[in-house]
$ cat input_4.txt   # compact mmCIF, C-alpha atoms
# COMPACT_ATOMS: atom_id res chain seq x y z
CA MET A 72 22.13 -26.46 -27.27
CA SER A 73 19.68 -24.53 -29.40
CA LYS A 74 19.18 -20.78 -29.12
CA ILE A 75 15.77 -21.36 -27.52
CA ASP A 76 17.26 -23.80 -25.00
CA HIS A 77 19.93 -21.21 -24.20
CA PHE A 78 17.31 -18.57 -23.42
CA VAL A 79 15.35 -21.01 -21.24
CA SER A 80 18.47 -22.00 -19.31
CA GLU A 81 19.47 -18.36 -18.81
CA ARG A 82 15.98 -17.41 -17.62
CA GLN A 83 15.86 -20.31 -15.18
CA THR A 84 19.29 -19.36 -13.83
CA LEU A 85 17.99 -15.85 -13.16
CA ILE A 86 14.82 -17.22 -11.56
CA PHE A 87 16.93 -19.44 -9.29
CA ALA A 88 19.05 -16.43 -8.30
CA GLU A 89 15.82 -14.60 -7.37
CA LEU A 90 14.75 -17.62 -5.30
CA GLN A 91 18.07 -17.67 -3.46
CA SER A 92 17.78 -13.96 -2.73
CA LYS A 93 14.11 -13.78 -1.68
CA GLY A 94 13.08 -17.36 -0.94
CA ARG A 95 10.00 -17.17 -3.18
CA VAL A 96 8.88 -15.98 -6.60
CA LEU A 97 5.50 -15.19 -8.17
CA ALA A 98 4.73 -16.34 -11.71
CA GLN A 99 2.93 -13.09 -12.54
CA ASP A 100 5.92 -10.96 -11.52
CA LEU A 101 8.38 -13.17 -13.39
CA ALA A 102 6.27 -13.06 -16.54
CA GLN A 103 6.44 -9.26 -16.49
CA THR A 104 10.17 -9.25 -15.73
CA PHE A 105 11.05 -11.55 -18.64
CA ASP A 106 8.27 -10.38 -20.96
CA VAL A 107 6.90 -13.89 -21.44
CA SER A 108 3.57 -15.54 -20.66
CA GLU A 109 2.72 -16.93 -17.23
CA ASP A 110 2.38 -20.37 -18.88
CA THR A 111 6.04 -20.10 -19.92
CA ILE A 112 7.05 -19.26 -16.36
CA ARG A 113 4.98 -22.11 -14.98
CA ARG A 114 6.80 -24.50 -17.33
CA ASP A 115 10.10 -23.11 -16.06
CA LEU A 116 9.04 -23.64 -12.46
CA ARG A 117 7.84 -27.18 -13.15
CA ASP A 118 11.18 -28.00 -14.74
CA MET A 119 13.10 -26.43 -11.85
CA ALA A 120 10.96 -28.27 -9.28
CA ALA A 121 11.69 -31.57 -11.05
CA ARG A 122 15.40 -30.82 -10.61
CA GLY A 123 14.94 -30.06 -6.89
CA LEU A 124 15.66 -26.34 -7.28
CA CYS A 125 12.31 -25.13 -5.95
CA GLU A 126 8.91 -26.18 -4.66
CA ARG A 127 5.83 -25.29 -6.68
CA VAL A 128 3.05 -23.48 -4.79
CA TYR A 129 -0.09 -21.66 -5.83
CA GLY A 130 0.95 -18.64 -7.93
CA GLY A 131 4.67 -19.30 -7.97
CA ALA A 132 7.42 -21.23 -6.18
CA LEU A 133 9.43 -21.37 -2.96
CA ILE A 134 13.07 -22.20 -2.43
CA ALA A 135 13.44 -25.94 -1.76
CA SER A 136 12.68 -27.10 1.81
CA GLY A 137 15.50 -26.82 4.30
CA LYS A 138 17.01 -23.79 2.57
CA THR A 139 15.60 -20.95 4.67
CA VAL A 140 16.49 -17.50 3.40
CA PRO A 141 18.08 -15.40 6.20
CA LEU A 142 15.70 -13.03 7.96
CA SER A 143 17.87 -10.06 6.97
CA HIS A 144 17.03 -10.80 3.31
CA ARG A 145 13.34 -11.51 3.91
CA MET A 146 12.84 -8.16 5.66
CA THR A 147 13.06 -6.30 2.34
CA ASP A 148 10.86 -8.70 0.37
CA MET A 149 7.16 -7.97 -0.37
CA GLN A 150 7.08 -5.14 2.15
CA ASP A 151 3.70 -3.72 1.09
CA ARG A 152 2.00 -7.10 1.32
CA LYS A 153 3.53 -7.89 4.70
CA ASP A 154 2.62 -4.44 5.97
CA ALA A 155 -1.05 -5.10 5.10
CA LEU A 156 -0.89 -8.46 6.90
CA GLY A 157 0.82 -6.83 9.88
CA GLN A 158 -1.87 -4.20 10.19
CA ALA A 159 -4.67 -6.76 9.98
CA ALA A 160 -3.01 -9.11 12.50
CA ALA A 161 -2.28 -6.32 15.00
CA ALA A 162 -5.93 -5.26 14.86
CA CYS A 163 -6.93 -8.72 16.15
CA ILE A 164 -4.96 -8.48 19.41
CA ALA A 165 -6.93 -7.81 22.59
CA GLN A 166 -6.00 -4.97 24.93
CA GLY A 167 -3.84 -5.98 27.87
CA ALA A 168 -2.70 -9.21 26.21
CA THR A 169 0.67 -10.84 26.70
CA ILE A 170 1.94 -11.94 23.30
CA PHE A 171 4.93 -13.88 22.09
CA LEU A 172 6.23 -12.58 18.75
CA ASP A 173 8.19 -15.29 16.98
CA ALA A 174 10.85 -14.69 14.32
CA GLY A 175 9.66 -13.62 10.89
CA SER A 176 9.58 -10.66 8.52
CA THR A 177 5.77 -10.56 8.61
CA ASN A 178 5.94 -10.59 12.41
CA LEU A 179 8.22 -7.57 12.22
CA ALA A 180 5.42 -5.83 10.31
CA ILE A 181 2.99 -6.86 13.06
CA ALA A 182 5.31 -5.32 15.66
CA ARG A 183 5.28 -2.03 13.75
CA HIS A 184 1.46 -1.96 13.85
CA LEU A 185 0.88 -2.92 17.49
CA PRO A 186 -1.70 -0.42 18.80
CA GLU A 187 -0.48 2.32 21.12
CA GLY A 188 -1.80 2.49 24.64
CA ALA A 189 -3.19 -1.06 24.56
CA GLY A 190 -1.28 -2.19 27.66
CA LEU A 191 0.46 -5.02 25.82
CA THR A 192 3.30 -7.16 27.10
CA VAL A 193 5.45 -8.39 24.20
CA ILE A 194 7.88 -11.29 24.47
CA THR A 195 10.22 -11.96 21.56
CA ASN A 196 13.29 -14.03 20.75
CA THR A 197 14.08 -11.88 17.71
CA PRO A 198 16.55 -8.95 18.02
CA VAL A 199 15.14 -6.94 15.09
CA ILE A 200 11.65 -7.10 16.60
CA ALA A 201 13.01 -6.15 20.01
CA ALA A 202 14.84 -3.19 18.44
CA GLU A 203 11.62 -2.08 16.72
CA LEU A 204 9.74 -2.03 20.03
CA SER A 205 12.48 -0.95 22.43
CA GLY A 206 11.61 2.75 22.32
CA ARG A 207 7.92 2.31 23.14
CA ALA A 208 6.97 3.30 26.68
CA ASP A 209 3.36 2.15 26.25
CA LEU A 210 4.19 -1.56 26.32
CA GLU A 211 6.35 -3.94 28.32
CA LEU A 212 9.05 -5.67 26.31
CA ILE A 213 10.67 -8.95 27.37
CA VAL A 214 13.50 -10.43 25.30
CA VAL A 215 14.24 -14.15 25.24
CA GLY A 216 18.00 -14.56 24.85
CA GLY A 217 20.53 -17.12 23.68
CA ARG A 218 22.57 -17.75 20.56
CA ILE A 219 21.06 -16.08 17.50
CA ASP A 220 20.62 -18.51 14.64
CA PRO A 221 21.85 -16.64 11.54
CA ALA A 222 19.18 -18.04 9.20
CA VAL A 223 16.22 -17.75 11.57
CA GLY A 224 17.40 -14.43 12.98
CA ALA A 225 16.35 -15.38 16.50
CA ALA A 226 17.36 -17.29 19.62
CA ILE A 227 16.09 -20.86 19.40
CA ASP A 228 18.71 -22.77 21.44
CA MET A 229 18.37 -24.46 24.85
CA THR A 230 18.92 -21.16 26.67
CA ALA A 231 15.94 -19.66 24.84
CA ILE A 232 13.83 -22.78 25.44
CA ALA A 233 14.59 -22.67 29.19
CA GLN A 234 13.43 -19.04 29.38
CA LEU A 235 10.31 -19.79 27.35
CA ASP A 236 9.40 -22.57 29.78
CA ASP A 237 8.64 -19.96 32.48
CA MET A 238 6.25 -17.94 30.29
CA ARG A 239 2.54 -18.32 29.61
CA PRO A 240 1.51 -15.83 26.89
CA ASP A 241 -2.10 -15.25 25.93
CA LEU A 242 -1.13 -15.43 22.28
CA CYS A 243 1.77 -16.89 20.30
CA ILE A 244 2.24 -15.19 16.92
CA LEU A 245 4.18 -17.67 14.83
CA GLY A 246 6.39 -17.11 11.84
CA VAL A 247 5.87 -20.07 9.51
CA CYS A 248 7.49 -21.34 6.32
CA GLY A 249 4.49 -23.21 4.97
CA MET A 250 0.97 -24.46 5.60
CA THR A 251 -1.23 -27.19 4.17
CA ALA A 252 -4.85 -27.99 4.97
CA ALA A 253 -3.86 -31.56 5.84
CA ASP A 254 -0.75 -31.03 7.98
CA GLY A 255 -1.05 -27.49 9.32
CA LEU A 256 1.86 -25.12 9.96
CA SER A 257 5.47 -26.05 9.29
CA ALA A 258 9.05 -24.75 9.30
CA ASP A 259 12.23 -25.42 7.32
CA ILE A 260 14.67 -25.87 10.22
CA TYR A 261 14.31 -28.63 12.82
CA GLN A 262 15.42 -26.65 15.87
CA ASP A 263 13.27 -23.70 14.86
CA ALA A 264 10.23 -25.97 14.50
CA THR A 265 10.91 -27.42 17.96
CA PHE A 266 11.06 -23.95 19.50
CA LYS A 267 7.85 -22.90 17.73
CA ARG A 268 6.00 -25.99 18.97
CA LEU A 269 7.00 -25.19 22.55
CA ALA A 270 5.93 -21.56 22.13
CA CYS A 271 2.51 -22.74 20.93
CA LYS A 272 2.20 -25.18 23.82
CA ALA A 273 3.00 -22.44 26.35
CA SER A 274 0.38 -20.06 24.94
CA ARG A 275 -3.42 -19.97 25.24
CA ARG A 276 -3.91 -19.35 21.51
CA THR A 277 -1.81 -19.22 18.34
CA MET A 278 -1.88 -16.81 15.39
CA ALA A 279 -0.07 -16.88 12.06
CA ALA A 280 -0.09 -14.20 9.35
CA ILE A 281 0.79 -15.89 6.07
CA THR A 282 1.51 -14.63 2.56
CA SER A 283 -0.37 -16.39 -0.22
CA GLU A 284 2.54 -18.28 -1.79
CA LYS A 285 3.01 -20.28 1.44
CA LEU A 286 -0.53 -21.66 1.29
CA GLY A 287 -0.52 -25.28 0.21
CA ALA A 288 3.27 -25.49 0.58
CA GLY A 289 4.46 -27.76 3.36
CA ALA A 290 7.92 -27.27 4.88
CA ALA A 291 10.07 -30.07 6.24
CA PHE A 292 9.16 -29.97 9.95
CA HIS A 293 5.74 -29.89 11.58
CA VAL A 294 4.90 -27.01 13.94
CA ALA A 295 1.16 -26.96 14.68
CA PRO A 296 -2.05 -28.61 13.45
CA LEU A 297 -5.09 -26.69 12.26
CA ASN A 298 -7.47 -26.53 15.22
CA PRO A 299 -10.01 -24.08 16.69
CA ASP A 300 -7.32 -22.43 18.87
CA LEU A 301 -5.59 -21.09 15.75
CA THR A 302 -6.18 -17.68 14.19
CA LEU A 303 -5.02 -17.16 10.59
CA VAL A 304 -4.51 -13.80 8.90
CA LEU A 305 -4.31 -14.26 5.13
CA GLU A 306 -3.96 -11.96 2.16
CA ASP A 307 -7.08 -10.70 0.45
CA ASP A 308 -6.22 -12.67 -2.71
CA ALA A 309 -5.80 -16.02 -0.92
CA ASP A 310 -7.07 -18.90 -3.05
CA GLU A 311 -10.79 -19.25 -2.31
CA ALA A 312 -10.82 -23.04 -2.62
CA PHE A 313 -7.94 -23.31 -0.14
CA VAL A 314 -9.69 -20.95 2.30
CA ARG A 315 -12.84 -23.08 2.04
CA ASP A 316 -10.77 -26.11 3.06
CA LEU A 317 -9.42 -24.17 6.04
CA ARG A 318 -12.91 -23.17 7.18
CA ARG A 319 -13.78 -26.83 7.68
CA HIS A 320 -11.33 -26.80 10.60
CA LYS A 321 -13.41 -24.05 12.31
CA LEU A 322 -10.47 -21.65 12.45
CA ASP A 323 -10.70 -17.92 13.13
CA ILE A 324 -9.77 -16.55 9.69
CA HIS A 325 -9.18 -12.90 8.80
CA LEU A 326 -8.44 -11.56 5.33
CA ALA A 327 -6.17 -8.52 5.22
CA GLY A 328 -7.83 -5.58 3.54
CA ARG A 329 -11.39 -6.69 4.30
CA ASN A 330 -13.56 -5.20 7.02
CA THR A 331 -15.24 -8.50 7.84
CA ARG A 332 -13.79 -11.83 8.83
CA ALA A 333 -13.88 -14.78 6.48
CA SER A 334 -15.31 -16.80 9.35
CA SER A 335 -16.44 -16.00 12.83
CA HIS A 336 -15.11 -17.88 15.82
CA PRO A 337 -16.55 -18.22 19.31
CA HIS A 338 -13.15 -17.40 20.86
CA SER A 339 -12.09 -14.50 18.65
CA LEU A 340 -8.99 -12.76 20.01
CA LYS A 341 -10.82 -9.47 20.42
CA ASP A 342 -13.35 -11.16 22.69
CA GLN A 343 -10.76 -12.51 25.10
CA PRO A 344 -10.49 -10.86 28.52
CA ALA A 345 -7.35 -8.85 29.15

$ encode --input "input_4.txt" --output "structure tokens"
Amino acid sequence: MSKIDHFVSERQTLIFAELQSKGRVLAQDLAQTFDVSEDTIRRDLRDMAARGLCERVYGGALIASGKTVPLSHRMTDMQDRKDALGQAAAACIAQGATIFLDAGSTNLAIARHLPEGAGLTVITNTPVIAAELSGRADLELIVVGGRIDPAVGAAIDMTAIAQLDDMRPDLCILGVCGMTAADGLSADIYQDATFKRLACKASRRTMAAITSEKLGAGAAFHVAPLNPDLTLVLEDDADEAFVRDLRRHKLDIHLAGRNTRASSHPHSLKDQPA
């Protein structure tokens, strides 16, 4: 092996370690970390994807499908970006709404930004989200129980499904692993995807707040199609061409950090009666 090959192999090993730790990497960040060009990083990611070590997405790569990073690890990843998404998503929720908050580190950020005094009822199957909201007297908190899946960080078993069957939230806020314009929202774990589909079916509307590297990246198991009952909250730097594709589905799209919506929708969440 040549010296150059050795450096490439070492760099890719470190990139893979970062993927295992965080579940995703950005080419721009890696280029700065290793003091190389983004083209060099993109070649690394292409090579790693060819070996099944990752999945290429716009701006970087995700850990290969079916290898969900535990929620406890994801909670410390990209906190500023998720906080901005959480604030934007929380601002979309109507007063007096009953919402289901699914598992996810971005959904934890949404929980932290839920407006005070809005008369919300929050249902969640995720202990860390329940713990975040448990001290708030201005909302009603309902916890869906069951065995906690260690990767998902939430209850998704038959006990949880049975409890969910009796609930009819106004809004289901999904945590998703990927989204494509053709296939919609998806998840890495079969049982988690099944639970998410049922949560969507039980709810009047669905919302998902999604970081940019998940756009265009499909996970293994389908959760929900793109239809007019879906609200998306995306990062301000979301790929414009991809957003244009999404608009063709007549979705309610919000961009975090902007004062105006990317597209208006006749059933915007803020317009719904309490």

$ closest_residue --input "input_4.txt" --among "A:Ala174, A:Ala231, A:Ile260, A:Val304" --to "Leu245 in chain A" --atoms "all atoms listed in the file"
A:Ala174

$ closest_residue --input "input_4.txt" --among "A:Ile112, A:Ala222, A:Leu286, A:Ala264" --to "Leu85 in chain A" --atoms "only C-alpha atoms"
A:Ile112

$ residues_around --input "input_4.txt" --residues "Met250 in chain A" --least-positions-apart "2" --cutoff "7 Å" --atoms "only C-alpha atoms" --output "PDB file with C-alpha atoms, keeping the file's coordinate frame"
ATOM      1  CA  ALA A 252      -4.850 -27.990   4.970  1.00  0.00           C
ATOM      2  CA  GLY A 255      -1.050 -27.490   9.320  1.00  0.00           C
ATOM      3  CA  LEU A 256       1.860 -25.120   9.960  1.00  0.00           C
ATOM      4  CA  SER A 257       5.470 -26.050   9.290  1.00  0.00           C
ATOM      5  CA  LYS A 285       3.010 -20.280   1.440  1.00  0.00           C
ATOM      6  CA  LEU A 286      -0.530 -21.660   1.290  1.00  0.00           C
ATOM      7  CA  GLY A 287      -0.520 -25.280   0.210  1.00  0.00           C
ATOM      8  CA  ALA A 288       3.270 -25.490   0.580  1.00  0.00           C
ATOM      9  CA  GLY A 289       4.460 -27.760   3.360  1.00  0.00           C
TER      10      GLY A 289
END

$ residues_near_point --input "input_4.txt" --point "(-13.5, -24.1, 5.6)" --cutoff "12 Å" --atoms "only C-alpha atoms" --output "PDB file with C-alpha atoms, keeping the file's coordinate frame"
ATOM      1  CA  ALA A 252      -4.850 -27.990   4.970  1.00  0.00           C
ATOM      2  CA  LEU A 297      -5.090 -26.690  12.260  1.00  0.00           C
ATOM      3  CA  ASN A 298      -7.470 -26.530  15.220  1.00  0.00           C
ATOM      4  CA  PRO A 299     -10.010 -24.080  16.690  1.00  0.00           C
ATOM      5  CA  ASP A 310      -7.070 -18.900  -3.050  1.00  0.00           C
ATOM      6  CA  GLU A 311     -10.790 -19.250  -2.310  1.00  0.00           C
ATOM      7  CA  ALA A 312     -10.820 -23.040  -2.620  1.00  0.00           C
ATOM      8  CA  PHE A 313      -7.940 -23.310  -0.140  1.00  0.00           C
ATOM      9  CA  VAL A 314      -9.690 -20.950   2.300  1.00  0.00           C
ATOM     10  CA  ARG A 315     -12.840 -23.080   2.040  1.00  0.00           C
ATOM     11  CA  ASP A 316     -10.770 -26.110   3.060  1.00  0.00           C
ATOM     12  CA  LEU A 317      -9.420 -24.170   6.040  1.00  0.00           C
ATOM     13  CA  ARG A 318     -12.910 -23.170   7.180  1.00  0.00           C
ATOM     14  CA  ARG A 319     -13.780 -26.830   7.680  1.00  0.00           C
ATOM     15  CA  HIS A 320     -11.330 -26.800  10.600  1.00  0.00           C
ATOM     16  CA  LYS A 321     -13.410 -24.050  12.310  1.00  0.00           C
ATOM     17  CA  LEU A 322     -10.470 -21.650  12.450  1.00  0.00           C
ATOM     18  CA  ASP A 323     -10.700 -17.920  13.130  1.00  0.00           C
ATOM     19  CA  ILE A 324      -9.770 -16.550   9.690  1.00  0.00           C
ATOM     20  CA  ALA A 333     -13.880 -14.780   6.480  1.00  0.00           C
ATOM     21  CA  SER A 334     -15.310 -16.800   9.350  1.00  0.00           C
ATOM     22  CA  SER A 335     -16.440 -16.000  12.830  1.00  0.00           C
TER      23      SER A 335
END

$ closest_residue --input "input_4.txt" --among "A:Ala132, A:Ala189, A:Ala98, A:Ile181" --to "Gln166 in chain A" --atoms "all atoms listed in the file"
A:Ala189

$ residues_around --input "input_4.txt" --residues "Glu109 in chain A" --least-positions-apart "5" --cutoff "10 Å" --atoms "all atoms listed in the file" --output "ChimeraX atom specification"
/A:97-103,114-115,130-131
